[in-house]
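Quick look at final.tsv (TSV, C-alpha atoms and all ligand atoms):
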chain	number	residue	atom	x	y	z
A	1	MET	CA	35.03	11.64	-5.04
A	2	THR	CA	34.22	15.36	-5.10
A	3	ALA	CA	30.93	14.69	-6.92
A	4	GLN	CA	29.67	12.88	-3.82
A	5	THR	CA	29.74	16.03	-1.68
A	6	SER	CA	27.30	17.81	-3.98
A	7	LEU	CA	24.69	15.06	-3.82
A	8	PRO	CA	21.44	15.83	-1.97
A	9	SER	CA	21.12	14.16	1.43
A	10	VAL	CA	18.30	11.68	1.94
A	11	THR	CA	17.42	9.84	5.15
A	12	VAL	CA	15.83	6.40	4.72
A	13	PHE	CA	13.67	5.18	7.61
A	14	SER	CA	12.74	1.48	7.50
A	15	LEU	CA	9.60	0.19	9.24
A	16	GLY	CA	9.44	-3.43	8.00
A	17	GLY	CA	6.88	-4.85	5.55
A	18	THR	CA	7.31	-7.03	2.47
A	19	ILE	CA	10.18	-4.89	1.15
A	20	ALA	CA	12.15	-6.03	4.21
A	21	SER	CA	10.81	-9.58	4.50
A	22	THR	CA	12.93	-12.72	4.05
A	23	ASN	CA	13.11	-16.22	5.45
A	24	ALA	CA	14.86	-16.79	8.74
A	25	PRO	CA	18.36	-18.23	8.13
A	26	GLY	CA	18.12	-22.04	7.90
A	27	SER	CA	14.33	-22.01	8.00
A	28	ASP	CA	12.45	-24.52	5.86
A	29	GLY	CA	9.35	-22.50	5.14
A	30	GLY	CA	6.92	-20.87	7.47
A	31	GLY	CA	6.71	-17.66	5.50
A	32	VAL	CA	8.83	-14.53	5.18
A	33	THR	CA	8.88	-11.97	7.97
A	34	PRO	CA	10.32	-8.45	8.23
A	35	ARG	CA	14.06	-8.88	8.90
A	36	LEU	CA	16.01	-6.31	6.85
A	37	GLY	CA	16.70	-2.78	8.07
A	38	ALA	CA	17.26	0.42	6.10
A	39	ARG	CA	21.01	-0.21	5.89
A	40	GLU	CA	20.56	-3.63	4.21
A	41	LEU	CA	17.85	-2.30	1.89
A	42	VAL	CA	20.10	0.55	0.75
A	43	ALA	CA	23.13	-1.74	0.36
A	44	ALA	CA	21.17	-3.92	-2.09
A	45	VAL	CA	20.73	-1.03	-4.57
A	46	PRO	CA	24.17	0.24	-5.73
A	47	GLN	CA	22.62	2.95	-7.98
A	48	LEU	CA	21.48	4.78	-4.84
A	49	GLN	CA	25.04	5.93	-4.24
A	50	GLU	CA	24.88	8.02	-7.44
A	51	THR	CA	21.58	9.60	-6.39
A	52	ALA	CA	21.99	10.86	-2.85
A	53	GLU	CA	24.14	10.89	0.22
A	54	LEU	CA	22.21	8.45	2.36
A	55	GLU	CA	21.62	8.13	6.05
A	56	THR	CA	19.72	5.06	7.26
A	57	VAL	CA	17.51	4.61	10.31
A	58	ALA	CA	15.92	1.27	11.27
A	59	PHE	CA	12.87	2.82	12.94
A	60	ARG	CA	10.49	-0.14	13.34
A	61	GLN	CA	10.48	-3.78	12.17
A	62	ALA	CA	6.84	-4.74	11.71
A	63	ALA	CA	4.16	-6.04	9.40
A	64	SER	CA	2.49	-2.75	8.55
A	65	GLY	CA	-0.79	-3.81	10.17
A	66	ASP	CA	1.04	-3.59	13.50
A	67	LEU	CA	2.03	0.05	13.02
A	68	THR	CA	-0.03	2.66	14.86
A	69	LEU	CA	-0.79	6.36	14.57
A	70	GLU	CA	1.41	6.79	17.65
A	71	ASP	CA	4.29	5.28	15.61
A	72	MET	CA	3.56	7.81	12.87
A	73	ALA	CA	3.53	10.70	15.36
A	74	ALA	CA	6.93	9.55	16.66
A	75	LEU	CA	8.24	9.17	13.09
A	76	ALA	CA	6.99	12.65	12.15
A	77	LYS	CA	9.05	14.10	15.01
A	78	GLU	CA	12.16	12.20	13.84
A	79	ILE	CA	11.61	13.47	10.30
A	80	ALA	CA	11.23	17.06	11.55
A	81	HIS	CA	14.51	16.64	13.43
A	82	ARG	CA	16.29	15.46	10.25
A	83	PHE	CA	14.86	18.39	8.29
A	84	ASP	CA	16.09	20.79	11.01
A	85	GLN	CA	19.54	19.29	10.49
A	86	GLY	CA	19.38	20.06	6.77
A	87	THR	CA	18.32	16.75	5.18
A	88	THR	CA	17.04	17.34	1.65
A	89	GLY	CA	14.34	14.66	1.72
A	90	VAL	CA	13.13	11.58	3.57
A	91	VAL	CA	12.15	8.11	2.38
A	92	VAL	CA	10.05	5.77	4.51
A	93	THR	CA	9.98	2.05	3.62
A	94	GLN	CA	7.17	-0.02	5.09
A	95	GLY	CA	4.52	-2.62	4.38
A	96	THR	CA	2.09	-1.70	1.64
A	97	ASP	CA	-0.99	-2.86	3.56
A	98	THR	CA	-1.34	0.41	5.46
A	99	ILE	CA	0.62	2.92	3.36
A	100	GLU	CA	-2.63	4.68	2.42
A	101	GLU	CA	-3.14	5.52	6.11
A	102	THR	CA	0.43	6.07	7.34
A	103	SER	CA	1.39	8.31	4.42
A	104	PHE	CA	-1.64	10.54	5.04
A	105	ALA	CA	-0.79	10.73	8.76
A	106	LEU	CA	2.74	11.87	7.84
A	107	ASP	CA	1.30	14.37	5.37
A	108	LEU	CA	-0.77	15.92	8.17
A	109	LEU	CA	2.00	15.82	10.78
A	110	VAL	CA	5.19	16.85	8.93
A	111	SER	CA	5.54	20.60	8.27
A	112	GLY	CA	7.66	22.37	5.70
A	113	ASP	CA	8.07	21.80	1.99
A	114	ARG	CA	10.73	19.09	1.90
A	115	PRO	CA	9.75	15.76	0.36
A	116	VAL	CA	8.61	12.79	2.42
A	117	VAL	CA	8.30	9.76	0.14
A	118	VAL	CA	6.77	6.49	1.33
A	119	THR	CA	7.42	3.25	-0.52
A	120	GLY	CA	7.22	-0.52	-0.14
A	121	ALA	CA	7.07	-3.66	-2.24
A	122	MET	CA	4.51	-6.21	-3.32
A	123	ARG	CA	7.06	-8.96	-4.08
A	124	ASN	CA	9.44	-9.78	-1.26
A	125	PRO	CA	13.21	-10.04	-1.86
A	126	THR	CA	13.09	-13.87	-2.16
A	127	LEU	CA	10.81	-13.74	-5.23
A	128	ALA	CA	11.66	-13.33	-8.93
A	129	GLY	CA	10.87	-9.77	-9.99
A	130	ALA	CA	11.06	-8.35	-6.49
A	131	ASP	CA	9.97	-4.72	-6.79
A	132	GLY	CA	11.52	-3.37	-3.59
A	133	PRO	CA	14.89	-2.26	-5.05
A	134	ALA	CA	13.28	-0.37	-7.97
A	135	ASN	CA	10.73	1.24	-5.64
A	136	LEU	CA	13.42	2.27	-3.16
A	137	LEU	CA	15.56	3.78	-5.93
A	138	ALA	CA	12.58	5.67	-7.35
A	139	ALA	CA	11.60	6.91	-3.88
A	140	VAL	CA	15.11	8.25	-3.24
A	141	GLN	CA	15.14	9.89	-6.66
A	142	VAL	CA	11.91	11.68	-5.75
A	143	ALA	CA	13.13	12.63	-2.25
A	144	ALA	CA	16.31	14.08	-3.75
A	145	ALA	CA	14.52	16.09	-6.44
A	146	ALA	CA	14.04	19.85	-6.10
A	147	GLY	CA	10.76	19.51	-8.03
A	148	ALA	CA	9.30	17.32	-5.29
A	149	ARG	CA	9.35	20.19	-2.80
A	150	GLY	CA	5.93	21.35	-1.75
A	151	LEU	CA	4.10	18.18	-2.79
A	152	GLY	CA	3.52	17.07	0.80
A	153	THR	CA	3.95	13.40	1.59
A	154	VAL	CA	3.83	11.22	-1.52
A	155	VAL	CA	3.85	7.50	-2.25
A	156	ALA	CA	6.30	6.37	-4.93
A	157	VAL	CA	5.61	2.81	-6.10
A	158	ASN	CA	5.73	1.16	-9.52
A	159	ASP	CA	7.31	4.29	-11.05
A	160	GLU	CA	4.32	6.47	-10.12
A	161	ILE	CA	4.09	9.33	-7.63
A	162	HIS	CA	0.82	9.62	-5.70
A	163	ALA	CA	-0.43	12.24	-3.23
A	164	ALA	CA	-0.96	10.70	0.21
A	165	ARG	CA	-4.45	12.17	0.45
A	166	PHE	CA	-5.66	10.32	-2.65
A	167	VAL	CA	-3.70	7.08	-2.87
A	168	ARG	CA	-5.30	3.69	-2.14
A	169	LYS	CA	-4.12	0.11	-2.21
A	170	THR	CA	-6.45	-1.49	-4.76
A	171	HIS	CA	-5.12	-5.00	-5.36
A	172	THR	CA	-3.93	-7.81	-3.10
A	173	SER	CA	-0.83	-8.75	-5.08
A	174	SER	CA	-0.24	-6.62	-8.19
A	175	PRO	CA	2.83	-4.33	-8.17
A	176	ALA	CA	0.47	-1.77	-9.76
A	177	THR	CA	-1.75	-1.85	-6.66
A	178	PHE	CA	-1.49	1.86	-5.75
A	179	ARG	CA	-4.03	4.12	-7.46
A	180	SER	CA	-5.35	7.60	-6.88
A	181	VAL	CA	-8.84	6.86	-8.11
A	182	THR	CA	-10.25	10.37	-7.70
A	183	ALA	CA	-7.38	12.52	-8.95
A	184	GLY	CA	-4.83	10.31	-10.71
A	185	PRO	CA	-1.11	10.24	-9.90
A	186	LEU	CA	0.83	13.50	-9.43
A	187	GLY	CA	3.58	12.26	-11.68
A	188	TRP	CA	5.91	9.45	-12.60
A	189	ILE	CA	9.58	8.48	-12.71
A	190	VAL	CA	11.26	7.80	-16.04
A	191	GLU	CA	14.95	7.18	-16.74
A	192	GLY	CA	15.59	7.93	-13.08
A	193	ARG	CA	13.96	11.38	-13.19
A	194	PRO	CA	10.78	12.32	-11.36
A	195	ARG	CA	8.31	14.14	-13.59
A	196	ILE	CA	5.67	16.11	-11.70
A	197	ALA	CA	2.51	16.77	-13.73
A	198	LEU	CA	0.18	18.01	-10.95
A	199	ARG	CA	0.75	19.80	-7.65
A	200	PRO	CA	-1.79	19.31	-4.83
A	201	ALA	CA	-3.11	22.22	-2.75
A	202	PRO	CA	-1.12	22.71	0.47
A	203	LEU	CA	-2.52	20.81	3.46
A	204	THR	CA	-2.98	22.55	6.82
A	205	LYS	CA	-0.83	20.67	9.28
A	206	ILE	CA	-1.69	19.24	12.69
A	207	SER	CA	0.66	19.78	15.60
A	208	LEU	CA	0.69	17.20	18.40
A	209	SER	CA	2.41	17.51	21.76
A	210	ASP	CA	5.01	14.87	22.65
A	211	ALA	CA	3.72	11.35	23.46
A	212	VAL	CA	0.09	12.44	23.15
A	213	ALA	CA	-2.53	9.68	23.32
A	214	ILE	CA	-4.42	9.35	20.04
A	215	PRO	CA	-8.12	8.67	20.69
A	216	SER	CA	-9.68	5.67	18.95
A	217	VAL	CA	-11.98	6.41	16.06
A	218	ALA	CA	-14.25	3.66	14.71
A	219	LEU	CA	-14.72	2.99	10.99
A	220	LEU	CA	-17.97	1.37	10.00
A	221	THR	CA	-19.11	0.34	6.51
A	222	ILE	CA	-22.86	0.47	5.99
A	223	SER	CA	-24.32	-2.51	4.12
A	224	LEU	CA	-27.61	-3.54	2.57
A	225	GLY	CA	-30.34	-3.92	5.19
A	226	ASP	CA	-28.23	-2.35	7.96
A	227	ASP	CA	-30.23	-1.37	11.05
A	228	GLY	CA	-27.78	0.74	13.08
A	229	ARG	CA	-27.08	-1.84	15.80
A	230	LEU	CA	-23.32	-1.42	15.47
A	231	VAL	CA	-23.60	2.38	15.51
A	232	ASP	CA	-25.40	2.04	18.85
A	233	GLN	CA	-22.38	0.26	20.35
A	234	VAL	CA	-19.73	2.80	19.34
A	235	GLU	CA	-19.80	4.99	22.44
A	236	ALA	CA	-19.99	2.08	24.89
A	237	LEU	CA	-16.94	0.55	23.21
A	238	GLY	CA	-14.92	3.64	24.10
A	239	TYR	CA	-14.52	5.29	20.72
A	240	ALA	CA	-14.14	9.06	20.59
A	241	GLY	CA	-15.44	9.43	17.04
A	242	LEU	CA	-16.95	7.51	14.15
A	243	VAL	CA	-16.39	7.49	10.40
A	244	VAL	CA	-19.30	5.96	8.49
A	245	GLU	CA	-18.60	4.59	5.03
A	246	ALA	CA	-22.03	5.08	3.52
A	247	PHE	CA	-23.51	4.05	0.18
A	248	GLY	CA	-22.67	6.09	-2.91
A	249	GLY	CA	-22.52	9.85	-2.36
A	250	GLY	CA	-23.43	9.54	1.35
A	251	HIS	CA	-26.55	7.47	1.99
A	252	VAL	CA	-27.64	5.02	4.68
A	253	PRO	CA	-30.87	3.03	5.19
A	254	ALA	CA	-33.53	5.17	6.88
A	255	GLN	CA	-33.50	2.88	9.90
A	256	VAL	CA	-29.83	3.76	10.64
A	257	VAL	CA	-30.65	7.49	10.91
A	258	PRO	CA	-31.90	7.52	14.56
A	259	SER	CA	-28.71	5.76	15.71
A	260	LEU	CA	-26.49	8.25	13.87
A	261	GLU	CA	-28.53	11.16	15.14
A	262	ARG	CA	-28.10	9.99	18.75
A	263	LEU	CA	-24.37	9.42	18.32
A	264	VAL	CA	-23.64	12.76	16.70
A	265	GLN	CA	-24.86	14.46	19.90
A	266	ARG	CA	-22.07	12.58	21.73
A	267	MET	CA	-19.07	12.65	19.38
A	268	PRO	CA	-17.99	13.71	15.87
A	269	VAL	CA	-19.43	11.47	13.15
A	270	VAL	CA	-17.89	11.79	9.68
A	271	LEU	CA	-19.73	10.75	6.52
A	272	ALA	CA	-17.53	9.08	3.88
A	273	SER	CA	-18.35	6.86	0.91
A	274	ARG	CA	-17.76	3.13	0.62
A	275	THR	CA	-17.22	3.49	-3.15
A	276	GLY	CA	-13.51	4.35	-2.91
A	277	GLY	CA	-13.61	7.30	-5.32
A	278	GLY	CA	-15.15	10.73	-5.86
A	279	GLN	CA	-16.43	13.53	-3.63
A	280	MET	CA	-19.33	13.25	-1.18
A	281	LEU	CA	-22.59	14.81	-2.33
A	282	GLN	CA	-24.08	17.68	-0.30
A	283	GLU	CA	-27.28	18.88	-1.92
A	284	THR	CA	-28.78	16.30	-4.25
A	285	TYR	CA	-31.00	13.77	-2.44
A	286	GLY	CA	-33.74	14.48	0.08
A	287	PHE	CA	-34.90	11.04	1.31
A	288	PRO	CA	-34.42	9.99	4.96
A	289	GLY	CA	-30.83	8.74	5.21
A	290	SER	CA	-29.70	10.82	2.22
A	291	GLU	CA	-26.59	13.02	2.33
A	292	ARG	CA	-28.73	16.17	2.81
A	293	ASP	CA	-30.58	14.52	5.68
A	294	LEU	CA	-27.43	13.27	7.42
A	295	LEU	CA	-25.50	16.54	7.02
A	296	SER	CA	-28.49	18.49	8.37
A	297	ARG	CA	-28.39	16.27	11.46
A	298	GLY	CA	-24.76	17.22	12.18
A	299	LEU	CA	-22.65	14.62	10.42
A	300	VAL	CA	-19.43	16.04	8.93
A	301	SER	CA	-18.70	15.43	5.26
A	302	ALA	CA	-15.44	13.65	4.46
A	303	GLY	CA	-15.29	15.51	1.12
A	304	PHE	CA	-13.06	13.47	-1.17
A	305	LEU	CA	-11.33	11.63	1.65
A	306	ASP	CA	-12.15	7.94	1.78
A	307	GLY	CA	-13.11	6.31	5.07
A	308	LEU	CA	-9.55	5.26	5.99
A	309	LYS	CA	-8.15	8.72	5.39
A	310	ALA	CA	-11.09	10.43	7.11
A	311	ARG	CA	-10.40	8.22	10.14
A	312	VAL	CA	-6.73	9.30	10.19
A	313	LEU	CA	-7.70	12.98	9.98
A	314	LEU	CA	-10.37	12.71	12.68
A	315	SER	CA	-8.05	10.75	15.01
A	316	LEU	CA	-5.26	13.31	14.70
A	317	LEU	CA	-7.63	16.27	15.05
A	318	LEU	CA	-9.06	14.78	18.25
A	319	ALA	CA	-5.52	14.10	19.51
A	320	SER	CA	-4.67	17.77	18.92
A	321	GLY	CA	-7.64	18.80	21.10
A	322	GLU	CA	-9.70	20.21	18.22
A	323	SER	CA	-13.30	21.19	19.10
A	324	ALA	CA	-16.34	19.79	17.24
A	325	GLU	CA	-16.53	23.04	15.24
A	326	GLY	CA	-12.79	22.87	14.57
A	327	VAL	CA	-13.19	19.31	13.26
A	328	ARG	CA	-15.90	20.45	10.85
A	329	LYS	CA	-13.78	23.37	9.60
A	330	ARG	CA	-10.71	21.21	9.06
A	331	PHE	CA	-12.65	18.65	7.03
A	332	GLU	CA	-14.08	21.49	4.94
A	333	GLN	CA	-10.59	22.93	4.40
A	334	VAL	CA	-9.25	19.62	3.11
A	335	SER	CA	-12.19	18.86	0.84
A	336	GLU	CA	-12.39	22.37	-0.59
A	337	LEU	CA	-8.72	21.95	-1.54
A	338	GLN	CA	-7.90	25.16	0.36
B	401	LIG	N1	2.04	-7.71	4.98
B	401	LIG	C1	2.85	-6.73	4.34
B	401	LIG	C2	2.81	-5.47	5.17
B	401	LIG	O1	3.57	-5.37	6.09
B	401	LIG	C3	2.41	-6.52	2.96
B	401	LIG	C4	3.28	-5.64	2.16
B	401	LIG	O2	4.24	-5.05	2.61
B	401	LIG	O3	2.99	-5.52	0.95
B	401	LIG	O4	2.04	-4.57	4.91

Here is a file; write its structure as structure tokens.
Ligand code: ASP
Amino acid sequence: MTAQTSLPSVTVFSLGGTIASTNAPGSDGGGVTPRLGARELVAAVPQLQETAELETVAFRQAASGDLTLEDMAALAKEIAHRFDQGTTGVVVTQGTDTIEETSFALDLLVSGDRPVVVTGAMRNPTLAGADGPANLLAAVQVAAAAGARGLGTVVAVNDEIHAARFVRKTHTSSPATFRSVTAGPLGWIVEGRPRIALRPAPLTKISLSDAVAIPSVALLTISLGDDGRLVDQVEALGYAGLVVEAFGGGHVPAQVVPSLERLVQRMPVVLASRTGGGQMLQETYGFPGSERDLLSRGLVSAGFLDGLKARVLLSLLLASGESAEGVRKRFEQVSELQ
């Protein structure tokens, strides 16, 4: 078995989700729940043994809506530890519901150029056509590939490779749910080989001290006829920042403006779009509540980050002790692709 010793080493961290969800033994319904750990997931895919030398870590066992940014900070430290020990790449398996947030948190928190690949499944292991095994194999193939170095954290699902900063879950049940609406996928996997077509700009990382508390940041979608009443409650509810998902390129009803203007004197307020694709405008419209108006009053542009990703970035920046000016600069850095 000499060939085995030359295989790249990949650590698989399992966090639960559909990919790990089965029925309880002897149960007669009631729904699947996360039960399988990384070891069982790896054992179900024999082809993995030809791809990498695998280490498995059952890190959490949760529906992904129960994961937190604190979990991601703890996972980032474990990943850094594995990289220090020489691991070639890391795979994280988890529920797909929050991959668009957790993968971006890992992208911001894990330094170095080694691959971190997040994956999951839309069809659980009890269903015909379960996609977990194929997604896990593809993710390990990416994590083991020299060409995946320097991509930052990526999401490998349905034979596509997506940058964490762009990817979104776009469908409730389709295995093709993950899309990078603004930029497209970075690449794909064919015949077991990752093909990288695009390389994203490097992301400036955020360093957190051990067991740091991550301040809560609210995310608010503006809707037709909104009057700002919810914005007025944000500070009293204990939030340390707000991300507003505004109309189109960054617009709110004029009657929301006074509430946002008051709040931005008290905490960072980031302006994102509720459309789910494209870059925020900066210099087009001049009406009250337009992007020009809101930016001139101190709101910070999310650039191309959607509301969920802007919330992750703002939360981690606040946790790292970044000043209001520092927050603005870091959002500019990300959206200028610098
Ligand atoms: N509810 C699952 C989750 O943990 C859904 C999934 O994995 O697709 O996110």

Could you tell me which of A:Val45, A:Leu224, A:Val269, A:Val92 comes closest to A:Thr11 if we count all atoms listed in the file?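 The answer is A:Val92, which sits nearest to A:Thr11.
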
Close residues to ligand LIG 401 (chain B) using all atoms listed in the file, limit 9 Å, as a ChimeraX atom specification: /A:15-21,33-34,62-67,94-99,120-124,172-173

Using all atoms listed in the file for the distances, tell me which of A:His171, A:Arg274, A:Arg266, A:Lys205 is nearest to A:Leu317.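 So, comparing all the options, the nearest one is A:Lys205.
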
Suppose you want the space between atom CA of A:Val190 and atom CA of A:Asp159; what is it in Å?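 Separation of atom CA of A:Val190 and atom CA of A:Asp159: 7.3 Å.
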
Find the spatial neighbours of A:Asp84, counting only C-alpha atoms, within a cut-off of 12 Å - ignore same-chain residues fewer than 5 positions away - and output them as an NGL selection string. :A and (77-79 or 89 or 110-112 or 114)

Ref. answer, residues at most 9 Å from (-23.4, 6.9, -1.1) with only C-alpha atoms, as a PyMOL selection string: chain A and resi 245-252+272-275+280-281+290-291

Find, counting all atoms listed in the file, the residue in A:Gly321, A:Gly152, A:Gly298, A:Gly286 that gets nearest to A:Thr204.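 Of A:Gly321, A:Gly152, A:Gly298, A:Gly286, the one nearest A:Thr204 is A:Gly152, counting all atoms listed in the file.
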
A:Leu237, A:Ala73, A:Ala138, A:Val116 ranked by distance to A:Ala218, top pick (using all atoms listed in the file): A:Leu237

Nearby residues, (-3.3, 1.7, -9.4) file frame, 12 Å, all atoms listed in the file, as a list of chain:residue names: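 Using all atoms listed in the file, the matching residues come out as A:Val155, A:Ala156, A:Val157, A:Asn158, A:Asp159, A:Glu160, A:Ile161, A:His162, A:Phe166, A:Val167, A:Arg168, A:Lys169, A:Thr170, A:His171, A:Thr172, A:Ser173, A:Ser174, A:Pro175, A:Ala176, A:Thr177, A:Phe178, A:Arg179, A:Ser180, A:Val181, A:Thr182, A:Ala183, A:Gly184, A:Pro185.
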
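Between atom CA of A:Glu100 and atom CA of A:Ala310 the interatomic distance comes to 11.3 Å.
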
For A:Pro258, please output as a VMD selection string all residues within 12 Å (counting only C-alpha atoms; exclusion window: fewer than 3 positions along the same chain). chain A and resid 227 to 229 231 to 232 252 to 255 261 to 265 288 to 289 293 to 294 297

Provide an axis-aligned box for all listed atoms of stretch 61-74 of chain A, padding each side by 5 Å; report its centre and its edge lengths in Å to one decimal, as lines of an AutoDock Vina configuration file.
center_x = 4.8
center_y = 2.3
center_z = 13.1
size_x = 21.3
size_y = 26.7
size_z = 19.1

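Using all atoms listed in the file, the shortest contact distance between A:Asn135 and any of A:Thr68, A:Leu41, A:Ser209, A:Arg60 is found at A:Leu41.
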